[in-house]
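Asks: Structure file final-v4.txt, compact mmCIF, C-alpha atoms, is pasted below:
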# COMPACT_ATOMS: atom_id res chain seq x y z
CA MET V 25 4.05 10.73 -5.29
CA LEU V 26 2.28 13.04 -7.71
CA ASP V 27 3.79 13.92 -11.08
CA ILE V 28 5.55 17.29 -10.82
CA GLN V 29 4.79 17.94 -14.50
CA GLN V 30 1.07 17.47 -13.84
CA LEU V 31 1.29 20.02 -11.05
CA ARG V 32 3.04 22.49 -13.33
CA LYS V 33 0.67 22.00 -16.25
CA ASP V 34 -2.66 21.47 -14.46
CA LEU V 35 -2.42 22.83 -10.94
CA ALA V 36 -6.14 23.63 -10.86
CA GLY V 37 -6.99 20.03 -11.76
CA VAL V 38 -4.71 18.66 -9.04
CA VAL V 39 -6.17 21.04 -6.46
CA ALA V 40 -9.69 19.96 -7.45
CA GLY V 41 -8.78 16.25 -7.26
CA LEU V 42 -7.24 16.62 -3.82
CA GLY V 43 -10.23 18.70 -2.77
CA ARG V 44 -12.43 15.67 -3.47
CA ARG V 45 -10.37 13.87 -0.85
CA GLY V 46 -10.84 16.71 1.61
CA VAL V 47 -7.18 17.70 1.27
CA ALA V 48 -6.30 21.38 0.93
CA PHE V 49 -3.29 21.69 -1.35
CA GLU V 50 -0.74 24.28 -0.16
CA GLU V 51 -0.62 26.30 -3.36
CA ALA V 52 1.38 29.15 -1.81
CA THR V 53 4.13 26.77 -0.68
CA PHE V 54 4.28 25.07 -4.06
CA ARG V 55 4.36 28.35 -5.98
CA ALA V 56 7.12 29.75 -3.74
CA LEU V 57 9.26 26.64 -4.28
CA GLU V 58 8.59 26.73 -8.02
CA ASP V 59 9.38 30.45 -8.28
CA GLU V 60 12.66 29.92 -6.47
CA ARG V 61 13.48 26.98 -8.74
CA LYS V 62 12.76 29.01 -11.88
CA VAL V 63 15.01 31.89 -10.75
CA LEU V 64 17.88 29.53 -9.92
CA GLN V 65 17.42 27.50 -13.07
CA THR V 66 17.25 30.58 -15.31
CA ARG V 67 20.36 32.08 -13.71
CA THR V 68 22.18 28.73 -14.02
CA GLU V 69 21.34 28.50 -17.72
CA GLU V 70 22.54 32.09 -18.24
CA LEU V 71 25.81 31.34 -16.46
CA GLN V 72 26.35 28.14 -18.46
CA ALA V 73 25.73 29.98 -21.75
CA LYS V 74 28.12 32.77 -20.75
CA ARG V 75 30.81 30.32 -19.67
CA ASN V 76 30.52 28.46 -22.98
CA SER V 77 30.80 31.71 -24.88
CA LEU V 78 33.84 32.83 -22.90
CA SER V 79 35.48 29.43 -23.32
CA LYS V 80 35.16 29.78 -27.09
CA GLN V 81 36.56 33.31 -26.80
CA ILE V 82 39.59 31.99 -24.93
CA GLY V 83 40.26 29.51 -27.72
CA ILE V 84 40.15 32.28 -30.34
CA MET V 85 42.38 34.56 -28.25
CA LYS V 86 44.97 31.82 -27.73
CA GLY V 87 44.99 31.22 -31.47
CA LYS V 88 45.87 34.87 -31.94
CA GLY V 89 48.49 34.82 -29.21
CA GLU V 90 46.52 37.26 -27.03
CA ASP V 91 46.56 37.41 -23.21
CA THR V 92 43.62 35.33 -21.82
CA ALA V 93 44.24 35.85 -18.07
CA GLY V 94 41.35 38.27 -17.56
CA VAL V 95 38.83 36.16 -19.45
CA MET V 96 39.97 33.01 -17.66
CA ALA V 97 39.51 34.73 -14.31
CA GLU V 98 35.97 35.64 -15.34
CA VAL V 99 35.28 32.00 -16.32
CA GLY V 100 36.58 30.93 -12.92
CA SER V 101 34.20 33.28 -11.09
CA LEU V 102 31.31 31.96 -13.19
CA GLY V 103 32.28 28.43 -12.18
CA ASP V 104 32.13 29.38 -8.51
CA GLU V 105 28.63 30.82 -8.92
CA LEU V 106 27.52 27.77 -10.91
CA LYS V 107 28.69 25.45 -8.13
CA SER V 108 26.84 27.56 -5.59
CA ASN V 109 23.70 27.40 -7.73
CA GLU V 110 23.99 23.62 -8.08
CA VAL V 111 24.09 23.27 -4.30
CA ALA V 112 21.10 25.61 -3.94
CA LEU V 113 19.15 23.70 -6.60
CA GLY V 114 19.91 20.41 -4.85
CA GLU V 115 18.69 21.76 -1.53
CA LEU V 116 15.58 23.15 -3.19
CA GLN V 117 14.87 19.82 -4.91
CA THR V 118 15.10 18.09 -1.53
CA LYS V 119 12.52 20.52 -0.12
CA LEU V 120 10.27 20.04 -3.14
CA ASN V 121 10.48 16.24 -2.90
CA ALA V 122 9.66 16.33 0.81
CA PHE V 123 6.66 18.55 0.04
CA LEU V 124 5.44 16.25 -2.75
CA ARG V 125 5.91 13.06 -0.71
CA GLY V 126 3.43 14.33 1.86
CA ILE V 127 0.61 14.75 -0.69
CA PRO V 128 -1.83 11.82 -1.20
CA ASN V 129 -2.70 10.30 -4.55
CA LEU V 130 -5.40 11.71 -6.82
CA PRO V 131 -8.62 9.67 -6.98
CA ARG V 132 -9.69 8.21 -10.28
CA SER V 133 -12.69 9.93 -11.89
CA GLU V 134 -15.07 7.03 -11.14
CA VAL V 135 -14.34 7.12 -7.40
CA PRO V 136 -17.35 8.63 -5.60
CA SER V 137 -16.83 11.80 -3.60
CA GLY V 138 -17.48 11.50 0.12
CA LYS V 139 -16.15 12.27 3.57
CA SER V 140 -16.41 8.93 5.37
CA ALA V 141 -17.18 5.22 5.07
CA ASP V 142 -20.87 6.09 5.25
CA GLU V 143 -20.59 7.30 1.66
CA ASN V 144 -18.94 4.20 0.23
CA VAL V 145 -20.90 2.56 -2.59
CA GLU V 146 -21.95 -1.10 -2.63
CA VAL V 147 -20.94 -2.66 -5.96
CA ARG V 148 -22.20 -6.21 -5.45
CA ARG V 149 -23.24 -8.69 -2.80
CA ARG V 150 -22.73 -12.45 -2.71
CA GLY V 151 -24.38 -15.02 -0.46
CA GLN V 152 -27.22 -14.74 2.01
CA PRO V 153 -26.51 -14.35 5.72
CA ARG V 154 -27.49 -17.54 7.53
CA GLN V 155 -30.69 -17.57 9.53
CA PHE V 156 -29.89 -19.15 12.90
CA GLU V 157 -32.38 -21.14 14.97
CA PHE V 158 -30.48 -20.02 18.05
CA ALA V 159 -28.82 -16.81 19.22
CA PRO V 160 -25.42 -16.74 17.45
CA ARG V 161 -22.39 -16.25 19.68
CA ASP V 162 -19.39 -14.14 18.79
CA HIS V 163 -15.99 -15.59 17.93
CA VAL V 164 -14.58 -14.84 21.39
CA ASP V 165 -17.16 -16.94 23.22
CA LEU V 166 -16.96 -19.66 20.59
CA GLY V 167 -13.16 -19.82 20.54
CA GLU V 168 -12.79 -19.78 24.30
CA ALA V 169 -15.42 -22.52 24.69
CA LEU V 170 -13.47 -24.65 22.24
CA GLY V 171 -10.36 -24.15 24.36
CA GLY V 172 -8.55 -22.72 21.35
CA LEU V 173 -8.65 -18.94 21.83
CA ASP V 174 -6.71 -17.55 24.78
CA PHE V 175 -6.56 -13.81 25.39
CA GLU V 176 -5.52 -14.10 29.05
CA THR V 177 -2.21 -15.77 28.24
CA ALA V 178 -1.62 -13.37 25.35
CA SER V 179 -2.17 -10.43 27.69
CA LYS V 180 0.31 -11.89 30.18
CA LEU V 181 2.86 -12.28 27.38
CA SER V 182 2.40 -9.06 25.45
CA GLY V 183 -0.47 -6.91 26.73
CA ALA V 184 -3.71 -5.96 25.04
CA ARG V 185 -4.63 -6.64 21.39
CA PHE V 186 -2.85 -9.98 21.10
CA SER V 187 -4.17 -13.54 21.06
CA VAL V 188 -2.91 -17.09 21.54
CA LEU V 189 -4.42 -19.89 19.43
CA ARG V 190 -4.25 -23.53 20.52
CA GLY V 191 -4.94 -26.97 19.13
CA GLN V 192 -7.54 -27.32 16.40
CA LEU V 193 -8.06 -23.56 16.18
CA ALA V 194 -4.36 -22.95 15.59
CA ARG V 195 -4.44 -25.66 12.93
CA LEU V 196 -7.47 -24.08 11.26
CA HIS V 197 -5.68 -20.72 11.23
CA ARG V 198 -2.72 -22.36 9.47
CA ALA V 199 -5.02 -24.20 7.08
CA ILE V 200 -6.71 -20.96 6.03
CA ALA V 201 -3.38 -19.38 5.09
CA GLN V 202 -2.25 -22.48 3.18
CA PHE V 203 -5.54 -22.67 1.30
CA MET V 204 -5.26 -19.01 0.28
CA LEU V 205 -1.66 -19.41 -0.92
CA ASP V 206 -2.48 -22.57 -2.86
CA THR V 207 -5.48 -20.92 -4.52
CA HIS V 208 -3.60 -17.81 -5.57
CA THR V 209 -0.53 -19.69 -6.84
CA THR V 210 -2.22 -22.61 -8.61
CA GLN V 211 -5.38 -20.91 -9.89
CA HIS V 212 -4.62 -17.17 -10.15
CA GLY V 213 -1.05 -17.16 -11.44
CA TYR V 214 0.81 -15.61 -8.49
CA THR V 215 4.34 -16.55 -7.48
CA GLU V 216 4.68 -17.31 -3.78
CA VAL V 217 7.37 -15.30 -2.00
CA TYR V 218 8.79 -15.22 1.51
CA VAL V 219 10.04 -11.84 2.72
CA PRO V 220 11.70 -10.10 5.70
CA TYR V 221 9.29 -8.96 8.40
CA MET V 222 11.24 -5.71 8.78
CA VAL V 223 11.92 -3.00 6.19
CA SER V 224 14.05 0.14 6.05
CA GLY V 225 12.61 3.64 6.26
CA GLU V 226 13.27 4.06 2.54
CA SER V 227 11.21 0.97 1.75
CA ALA V 228 8.38 2.10 4.03
CA ASP V 229 8.33 5.54 2.41
CA GLY V 230 8.23 3.93 -1.01
CA VAL V 231 4.70 2.62 -0.54
CA SER V 232 3.29 5.30 1.76
CA SER V 233 4.36 8.45 3.62
CA LEU V 234 6.64 7.46 6.48
CA SER V 235 6.59 11.01 7.88
CA LYS V 236 2.78 10.98 8.09
CA PHE V 237 2.20 7.42 9.27
CA LYS V 238 5.28 6.62 11.35
CA GLU V 239 3.16 6.34 14.50
CA ASP V 240 1.19 3.48 12.92
CA LEU V 241 4.35 1.36 12.68
CA PHE V 242 6.51 -0.44 15.22
CA LYS V 243 10.12 0.78 14.92
CA ILE V 244 13.15 -1.29 15.92
CA ASP V 245 14.95 0.77 18.55
CA GLY V 246 18.26 2.17 17.35
CA ARG V 247 17.89 0.76 13.83
CA ASP V 248 16.46 2.10 10.57
CA LEU V 249 14.00 -0.80 10.53
CA TYR V 250 10.23 -1.06 10.93
CA LEU V 251 8.06 -4.14 11.47
CA ILE V 252 5.89 -4.55 8.39
CA PRO V 253 2.20 -3.56 8.70
CA THR V 254 1.55 -5.69 5.58
CA ALA V 255 3.63 -7.70 3.12
CA GLU V 256 2.89 -4.93 0.58
CA TYR V 257 5.85 -3.05 2.08
CA PRO V 258 8.63 -5.53 1.21
CA VAL V 259 6.99 -7.12 -1.85
CA THR V 260 6.23 -3.89 -3.73
CA ASN V 261 9.79 -2.74 -3.05
CA PHE V 262 11.08 -5.69 -5.11
CA VAL V 263 10.99 -3.27 -8.06
CA ARG V 264 12.40 -0.19 -6.32
CA ASP V 265 15.17 1.46 -8.37
CA ALA V 266 14.64 -1.14 -11.11
CA ILE V 267 14.04 -0.91 -14.84
CA LEU V 268 12.08 -3.98 -15.97
CA LYS V 269 11.74 -5.34 -19.47
CA ASN V 270 8.36 -4.87 -21.12
CA GLU V 271 7.94 -8.65 -21.46
CA GLU V 272 8.49 -9.16 -17.72
CA LEU V 273 5.14 -7.52 -16.95
CA PRO V 274 2.91 -8.31 -15.22
CA LEU V 275 4.64 -9.48 -12.05
CA LYS V 276 2.27 -11.21 -9.62
CA PHE V 277 3.29 -12.16 -6.08
CA ALA V 278 1.49 -13.83 -3.17
CA CYS V 279 2.95 -13.61 0.31
CA HIS V 280 1.86 -14.96 3.69
CA SER V 281 3.28 -12.97 6.58
CA PRO V 282 2.50 -11.63 10.01
CA CYS V 283 1.54 -7.95 10.07
CA PHE V 284 2.32 -5.54 12.90
CA ARG V 285 0.33 -2.38 13.56
CA SER V 286 0.42 0.00 16.49
CA GLU V 287 -3.27 0.84 15.98
CA ALA V 288 -2.52 4.44 16.91
CA GLY V 289 -5.74 6.40 17.09
CA SER V 290 -7.94 3.31 17.53
CA TYR V 291 -8.32 3.55 21.31
CA GLY V 292 -11.65 2.03 22.31
CA LYS V 293 -12.32 0.49 18.86
CA ASP V 294 -12.82 -3.28 18.56
CA THR V 295 -11.20 -3.98 21.90
CA ARG V 296 -12.91 -7.37 22.14
CA GLY V 297 -11.58 -10.28 20.14
CA MET V 298 -9.41 -10.63 17.05
CA ILE V 299 -10.80 -7.91 14.77
CA ARG V 300 -8.18 -5.26 15.53
CA GLN V 301 -4.85 -6.54 16.85
CA HIS V 302 -1.23 -5.47 17.00
CA GLN V 303 -0.18 -8.72 15.29
CA PHE V 304 -2.15 -10.70 12.72
CA ASP V 305 -1.51 -12.84 9.66
CA LYS V 306 -2.43 -11.96 6.10
CA VAL V 307 -1.94 -13.35 2.62
CA GLU V 308 -1.11 -10.38 0.41
CA ILE V 309 -1.41 -10.39 -3.38
CA VAL V 310 0.61 -7.82 -5.34
CA GLN V 311 0.70 -6.99 -9.04
CA ILE V 312 3.23 -4.85 -10.95
CA VAL V 313 1.72 -4.05 -14.35
CA HIS V 314 1.86 -2.00 -17.54
CA PRO V 315 0.09 1.37 -17.04
CA GLU V 316 -2.47 0.52 -19.72
CA LYS V 317 -3.42 -2.66 -17.84
CA SER V 318 -3.83 -1.39 -14.27
CA ALA V 319 -7.59 -0.75 -14.34
CA GLU V 320 -8.17 -4.24 -15.72
CA ALA V 321 -5.69 -5.72 -13.25
CA HIS V 322 -7.53 -4.05 -10.37
CA GLU V 323 -10.76 -5.82 -11.26
CA GLU V 324 -8.86 -9.10 -11.66
CA LEU V 325 -7.04 -8.80 -8.34
CA THR V 326 -10.28 -7.96 -6.53
CA ALA V 327 -11.94 -11.01 -8.11
CA HIS V 328 -9.04 -13.16 -6.87
CA ALA V 329 -9.66 -12.01 -3.29
CA GLU V 330 -13.40 -12.57 -3.72
CA ALA V 331 -12.71 -16.11 -4.94
CA ILE V 332 -11.48 -17.06 -1.47
CA LEU V 333 -14.72 -15.89 0.13
CA LYS V 334 -16.75 -17.72 -2.50
CA ALA V 335 -14.80 -20.95 -1.95
CA LEU V 336 -15.33 -20.68 1.81
CA GLU V 337 -19.02 -19.90 1.21
CA LEU V 338 -18.94 -16.79 3.36
CA PRO V 339 -21.49 -14.03 2.63
CA TYR V 340 -19.80 -10.79 1.63
CA ARG V 341 -20.22 -7.52 -0.21
CA THR V 342 -17.85 -5.48 -2.36
CA MET V 343 -17.66 -1.76 -1.60
CA LEU V 344 -16.16 1.00 -3.74
CA LEU V 345 -14.55 3.40 -1.29
CA CYS V 346 -15.35 7.09 -1.53
CA THR V 347 -12.60 9.70 -1.67
CA GLY V 348 -12.73 10.37 2.08
CA ASP V 349 -12.18 6.73 3.03
CA MET V 350 -9.33 5.85 0.67
CA GLY V 351 -5.75 5.18 1.74
CA PHE V 352 -3.02 7.76 1.24
CA SER V 353 -1.46 6.10 -1.83
CA SER V 354 -4.61 4.76 -3.49
CA ALA V 355 -6.22 6.00 -6.69
CA LYS V 356 -9.12 3.56 -6.30
CA THR V 357 -9.98 0.95 -3.65
CA TYR V 358 -12.49 -1.85 -3.27
CA ASP V 359 -13.13 -3.18 0.23
CA LEU V 360 -14.48 -6.69 0.69
CA GLU V 361 -16.67 -6.94 3.76
CA VAL V 362 -17.63 -10.30 5.24
CA TRP V 363 -20.83 -10.93 7.19
CA LEU V 364 -20.35 -11.42 10.96
CA PRO V 365 -23.56 -12.77 12.53
CA ALA V 366 -22.71 -11.78 16.11
CA GLN V 367 -22.24 -8.15 15.05
CA ASN V 368 -25.14 -8.38 12.60
CA THR V 369 -23.13 -6.43 10.06
CA TYR V 370 -20.46 -6.66 7.36
CA ARG V 371 -16.83 -6.03 8.38
CA GLU V 372 -13.79 -5.40 6.21
CA ILE V 373 -11.70 -8.46 5.41
CA SER V 374 -9.76 -7.15 2.41
CA SER V 375 -8.79 -3.90 0.70
CA CYS V 376 -7.82 -4.10 -2.98
CA SER V 377 -6.19 -0.95 -4.35
CA ASN V 378 -4.81 0.46 -7.58
CA PHE V 379 -2.03 2.95 -6.88
CA GLU V 380 -1.32 3.66 -10.56
CA ALA V 381 2.15 5.32 -10.78
CA PHE V 382 2.04 6.90 -7.31
CA GLN V 383 4.17 4.30 -5.51
CA ALA V 384 6.34 3.67 -8.57
CA ARG V 385 7.30 7.35 -8.72
CA ARG V 386 8.33 7.24 -5.04
CA MET V 387 10.37 4.07 -5.65
CA MET V 388 11.62 4.86 -9.17
CA ALA V 389 10.14 1.57 -10.38
CA ARG V 390 10.20 1.61 -14.18
CA PHE V 391 10.12 -0.51 -17.31
CA LYS V 392 11.13 -0.22 -20.97
CA ASN V 393 7.98 -0.10 -23.08
CA ALA V 394 7.62 -1.67 -26.53
CA ALA V 395 9.12 1.45 -28.11
CA GLY V 396 12.15 1.30 -25.81
CA LYS V 397 11.05 4.31 -23.76
CA THR V 398 11.34 4.23 -19.97
CA GLU V 399 8.00 4.51 -18.12
CA LEU V 400 6.80 4.09 -14.56
CA VAL V 401 5.04 0.82 -13.77
CA HIS V 402 1.66 0.71 -12.03
CA THR V 403 1.34 -1.11 -8.70
CA LEU V 404 -1.65 -2.84 -7.09
CA ASN V 405 -2.24 -4.96 -4.03
CA GLY V 406 -4.93 -6.52 -1.90
CA SER V 407 -5.49 -8.79 1.05
CA GLY V 408 -6.21 -12.22 -0.22
CA LEU V 409 -7.32 -12.41 2.67
CA ALA V 410 -6.66 -11.35 6.27
CA VAL V 411 -6.23 -14.74 7.95
CA GLY V 412 -7.42 -13.81 11.45
CA ARG V 413 -10.58 -12.11 10.23
CA THR V 414 -11.30 -15.11 7.98
CA LEU V 415 -11.01 -17.33 11.05
CA VAL V 416 -13.41 -15.03 12.89
CA ALA V 417 -15.89 -15.20 9.98
CA ILE V 418 -15.71 -19.01 9.85
CA LEU V 419 -16.25 -19.36 13.60
CA GLU V 420 -19.32 -17.14 13.55
CA ASN V 421 -20.89 -18.25 10.27
CA TYR V 422 -20.27 -21.99 10.72
CA GLN V 423 -21.19 -22.26 14.40
CA GLN V 424 -23.62 -24.95 15.53
CA ALA V 425 -26.12 -24.92 18.38
CA ASP V 426 -23.87 -27.15 20.53
CA GLY V 427 -20.90 -24.76 20.16
CA SER V 428 -19.05 -26.85 17.59
CA ILE V 429 -17.82 -25.31 14.34
CA ALA V 430 -18.40 -26.94 10.97
CA ILE V 431 -15.30 -26.72 8.80
CA PRO V 432 -15.85 -25.33 5.30
CA THR V 433 -15.55 -28.05 2.65
CA ALA V 434 -12.66 -26.22 0.96
CA LEU V 435 -10.57 -26.49 4.14
CA GLN V 436 -11.30 -30.07 5.20
CA SER V 437 -8.40 -31.57 3.24
CA TYR V 438 -6.07 -29.09 4.99
CA MET V 439 -7.44 -30.30 8.33
CA GLY V 440 -6.72 -33.98 7.71
CA GLY V 441 -10.34 -34.68 6.78
CA LEU V 442 -11.71 -33.15 9.98
CA LYS V 443 -15.23 -31.83 9.43
CA SER V 444 -15.86 -29.93 12.65
CA LEU V 445 -14.16 -28.39 15.66
CA THR V 446 -15.37 -29.48 19.07
CA ALA V 447 -14.36 -28.66 22.62
Would you kindly transcribe this structure into structure tokens?

Replies:
Amino acid sequence: MLDIQQLRKDLAGVVAGLGRRGVAFEEATFRALEDERKVLQTRTEELQAKRNSLSKQIGIMKGKGEDTAGVMAEVGSLGDELKSNEVALGELQTKLNAFLRGIPNLPRSEVPSGKSADENVEVRRRGQPRQFEFAPRDHVDLGEALGGLDFETASKLSGARFSVLRGQLARLHRAIAQFMLDTHTTQHGYTEVYVPYMVSGESADGVSSLSKFKEDLFKIDGRDLYLIPTAEYPVTNFVRDAILKNEELPLKFACHSPCFRSEAGSYGKDTRGMIRQHQFDKVEIVQIVHPEKSAEAHEELTAHAEAILKALELPYRTMLLCTGDMGFSSAKTYDLEVWLPAQNTYREISSCSNFEAFQARRMMARFKNAAGKTELVHTLNGSGLAVGRTLVAILENYQQADGSIAIPTALQSYMGGLKSLTA
């Protein structure tokens, strides 16, 4: 959520920042709410001052033995109006909060302006796509030929956009997640956590706008619970309504969980295979940091996600997202895109974002700084990585002419020393 004081002091700057995202700020609505607030607040302050003055007058009159009935009646009527104003101010604040919670975050100054992914900027590239001596097959053909990828059974069980993994492929999927968790916890300083796979509406709205993106989530019928689209939802909410100590920062968490997404609006996109599914696994890395450290932490967190791709020797590129392609809550996002030979292109495998104080303000996540003053923390997260898409990338990049799959060296110990997958 944006800072209301920033809106009051620099409305033009906020409007310009949102304009870079292609968002038209409703100035008229904001000004009307603010004008109403000012009138109510001014009147309330006048009433409070008058009541205080009359209360003092009553004390003086009593000291003189004078009749105070008339003045006390006036104080009573002021109290009634004050109570009415308090109710009106509360209702107005609710409206203002609802208005603010629907506005996306402001992009950082270094984020390039743009309308779509076509205007994202490549920051760096690592690894050379493999030159095959045969026509590379996609992960669907490879997985089905191995007897480990089964969409037919998944469709019978649950419908479209689900998959069943069997045997060695299921083991490789598990190995990938374990390798990611071990790397982030033993090398990058994250604490592993296990979390609920459902969160309340309040938790969901703490990290993003529930009113805007409710259709992207799966809701539990009759309950105020939603299946998590990413472990960011429960993990970031660890600090909701909390005041941390300065020395507790940074907090760094790694979490392996399934993710559930309705994929609303993606009809016809990536209908083949495991790229876009209703259920997939991900290892999420989350940092809660001091505001002065968030830019540095963003680069660090992104490097941690990249380290997985480097260890698996998968070609990838790092993209700085333009304003038109950023998520609702993000101030700056890097996407990591892995090379998929069968598609002859790079596809997203991780998004690493700095939300600055945007989520913290929604969640009231704070800390006591060195001077003892309460401040909002900054929050960051990234996929470290999406497990299913990593499996896809390994199948396609490590495929052999006979249909077998070489297992990356980094994963062989997790596979009991197995060096390849065969039918």

Asks: For Ala355 of chain V, list every protein, DNA or RNA residue within 10 Å, evaluated using all atoms listed in the file, and leave out those in the same chain fewer than 2 positions away; present the list as a list in words.

Replies: Pro128, Asn129, Leu130, Pro131, Arg132, Ser133, Glu134, Val135, Thr347, Met350, Gly351, Phe352, Ser353, Thr357, Ser377, Asn378, Phe379, Glu380, Ala381, Phe382 and Leu404 of chain V

Asks: Using only C-alpha atoms, which of V:Phe277, V:Ile418, V:Leu42, V:Glu105 sits nearest Ala430 of chain V?

Replies: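 Checking each candidate against Ala430 of chain V, we get V:Ile418 as the closest.
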
Asks: Report as CSV the residues of segment 199-285 of chain V within 12 Å of segment 327-338 of chain V, each with its shortest atom pair and distance in Å (one decimal), using only C-alpha atoms, ordered by chain and increasing residue number.

Replies:
residue,atom,partner,partner_atom,distance
V:Ile200,CA,V:Leu336,CA,9.6
V:Ala201,CA,V:Ile332,CA,10.7
V:Gln202,CA,V:Ile332,CA,11.7
V:Phe203,CA,V:Ile332,CA,8.6
V:Met204,CA,V:Ile332,CA,6.7
V:Leu205,CA,V:Ile332,CA,10.1
V:Asp206,CA,V:Ile332,CA,10.6
V:Thr207,CA,V:Ile332,CA,7.8
V:His208,CA,V:His328,CA,7.3
V:Thr209,CA,V:His328,CA,10.7
V:Thr210,CA,V:His328,CA,11.8
V:Gln211,CA,V:His328,CA,9.1
V:His212,CA,V:His328,CA,6.8
V:Gly213,CA,V:His328,CA,10.0
V:Tyr214,CA,V:His328,CA,10.3
V:Lys276,CA,V:His328,CA,11.8
V:Ala278,CA,V:His328,CA,11.2

Asks: Work out how far apart atom CA of Arg75 of chain V and atom CA of Glu115 of chain V are and give it in Å to one decimal.

Replies: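 Result for atom CA of Arg75 of chain V versus atom CA of Glu115 of chain V: 23.4 Å, one decimal.
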
Asks: Near Ala73 of chain V, within 12 Å and counting only C-alpha atoms, which residues show up once chain neighbours fewer than 4 positions away are dropped, as a VMD selection string?

Replies: chain V and resid 66 to 69 77 to 80 99 102 to 103 106

Asks: Could you list, as a CSV table (one decimal) with C-alpha atoms, keeping the file's coordinate frame, every residue within 10 Å of Tyr257 of chain V, counting all atoms listed in the file and ignoring same-chain residues fewer than 5 positions away?

Replies:
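Full text of out_37.csv as output:
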chain,number,residue,atom,x,y,z
V,219,VAL,CA,10.0,-11.8,2.7
V,220,PRO,CA,11.7,-10.1,5.7
V,221,TYR,CA,9.3,-9.0,8.4
V,222,MET,CA,11.2,-5.7,8.8
V,223,VAL,CA,11.9,-3.0,6.2
V,224,SER,CA,14.0,0.1,6.0
V,227,SER,CA,11.2,1.0,1.8
V,228,ALA,CA,8.4,2.1,4.0
V,229,ASP,CA,8.3,5.5,2.4
V,230,GLY,CA,8.2,3.9,-1.0
V,231,VAL,CA,4.7,2.6,-0.5
V,232,SER,CA,3.3,5.3,1.8
V,251,LEU,CA,8.1,-4.1,11.5
V,252,ILE,CA,5.9,-4.6,8.4
V,262,PHE,CA,11.1,-5.7,-5.1

Asks: Using all atoms listed in the file and a cutoff of 8 Å, can you tell me which residues are near (1.7, -11.4, -5.3) in the file's coordinates, and write them out as a list in words?

Replies: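 Those within range, by chain then number, are Tyr214, Thr215, Glu216, Val217, Val259, Leu275, Lys276, Phe277, Ala278, Cys279, Glu308, Ile309, Val310, Gln311 and Asn405 of chain V.
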
Asks: Under the rule that only C-alpha atoms are counted, which of V:Tyr438, V:Trp363, V:Phe242, V:Tyr370 is the nearest residue to Arg285 of chain V?

Replies: V:Phe242

Asks: With the input short on atoms, add N, CA and C atoms back to segment 231-243 of chain V and write it as a PDB file, keeping the file's coordinate frame.

Replies:
ATOM      1  N   VAL V 231       6.097   3.005  -0.309  1.00  0.00           N
ATOM      2  CA  VAL V 231       4.700   2.620  -0.540  1.00  0.00           C
ATOM      3  C   VAL V 231       3.709   3.585   0.101  1.00  0.00           C
ATOM      4  N   SER V 232       4.165   4.331   1.097  1.00  0.00           N
ATOM      5  CA  SER V 232       3.290   5.300   1.760  1.00  0.00           C
ATOM      6  C   SER V 232       4.174   6.426   2.297  1.00  0.00           C
ATOM      7  N   SER V 233       3.592   7.329   3.075  1.00  0.00           N
ATOM      8  CA  SER V 233       4.360   8.450   3.620  1.00  0.00           C
ATOM      9  C   SER V 233       4.825   8.109   5.028  1.00  0.00           C
ATOM     10  N   LEU V 234       6.109   7.812   5.168  1.00  0.00           N
ATOM     11  CA  LEU V 234       6.640   7.460   6.480  1.00  0.00           C
ATOM     12  C   LEU V 234       6.492   8.618   7.452  1.00  0.00           C
ATOM     13  N   SER V 235       6.690   9.852   6.988  1.00  0.00           N
ATOM     14  CA  SER V 235       6.590  11.010   7.880  1.00  0.00           C
ATOM     15  C   SER V 235       5.179  11.172   8.429  1.00  0.00           C
ATOM     16  N   LYS V 236       4.170  10.810   7.649  1.00  0.00           N
ATOM     17  CA  LYS V 236       2.780  10.980   8.090  1.00  0.00           C
ATOM     18  C   LYS V 236       2.285   9.808   8.937  1.00  0.00           C
ATOM     19  N   PHE V 237       2.782   8.605   8.646  1.00  0.00           N
ATOM     20  CA  PHE V 237       2.200   7.420   9.270  1.00  0.00           C
ATOM     21  C   PHE V 237       3.184   6.637  10.126  1.00  0.00           C
ATOM     22  N   LYS V 238       4.265   7.284  10.540  1.00  0.00           N
ATOM     23  CA  LYS V 238       5.280   6.620  11.350  1.00  0.00           C
ATOM     24  C   LYS V 238       4.703   6.066  12.654  1.00  0.00           C
ATOM     25  N   GLU V 239       3.733   6.779  13.222  1.00  0.00           N
ATOM     26  CA  GLU V 239       3.160   6.340  14.500  1.00  0.00           C
ATOM     27  C   GLU V 239       2.332   5.073  14.366  1.00  0.00           C
ATOM     28  N   ASP V 240       1.960   4.706  13.132  1.00  0.00           N
ATOM     29  CA  ASP V 240       1.190   3.480  12.920  1.00  0.00           C
ATOM     30  C   ASP V 240       2.084   2.244  12.885  1.00  0.00           C
ATOM     31  N   LEU V 241       3.403   2.461  12.816  1.00  0.00           N
ATOM     32  CA  LEU V 241       4.350   1.360  12.680  1.00  0.00           C
ATOM     33  C   LEU V 241       5.091   1.106  13.988  1.00  0.00           C
ATOM     34  N   PHE V 242       5.618  -0.107  14.116  1.00  0.00           N
ATOM     35  CA  PHE V 242       6.510  -0.440  15.220  1.00  0.00           C
ATOM     36  C   PHE V 242       7.947  -0.312  14.717  1.00  0.00           C
ATOM     37  N   LYS V 243       8.724   0.566  15.340  1.00  0.00           N
ATOM     38  CA  LYS V 243      10.120   0.780  14.920  1.00  0.00           C
ATOM     39  C   LYS V 243      11.063  -0.038  15.794  1.00  0.00           C
TER      40      LYS V 243
END
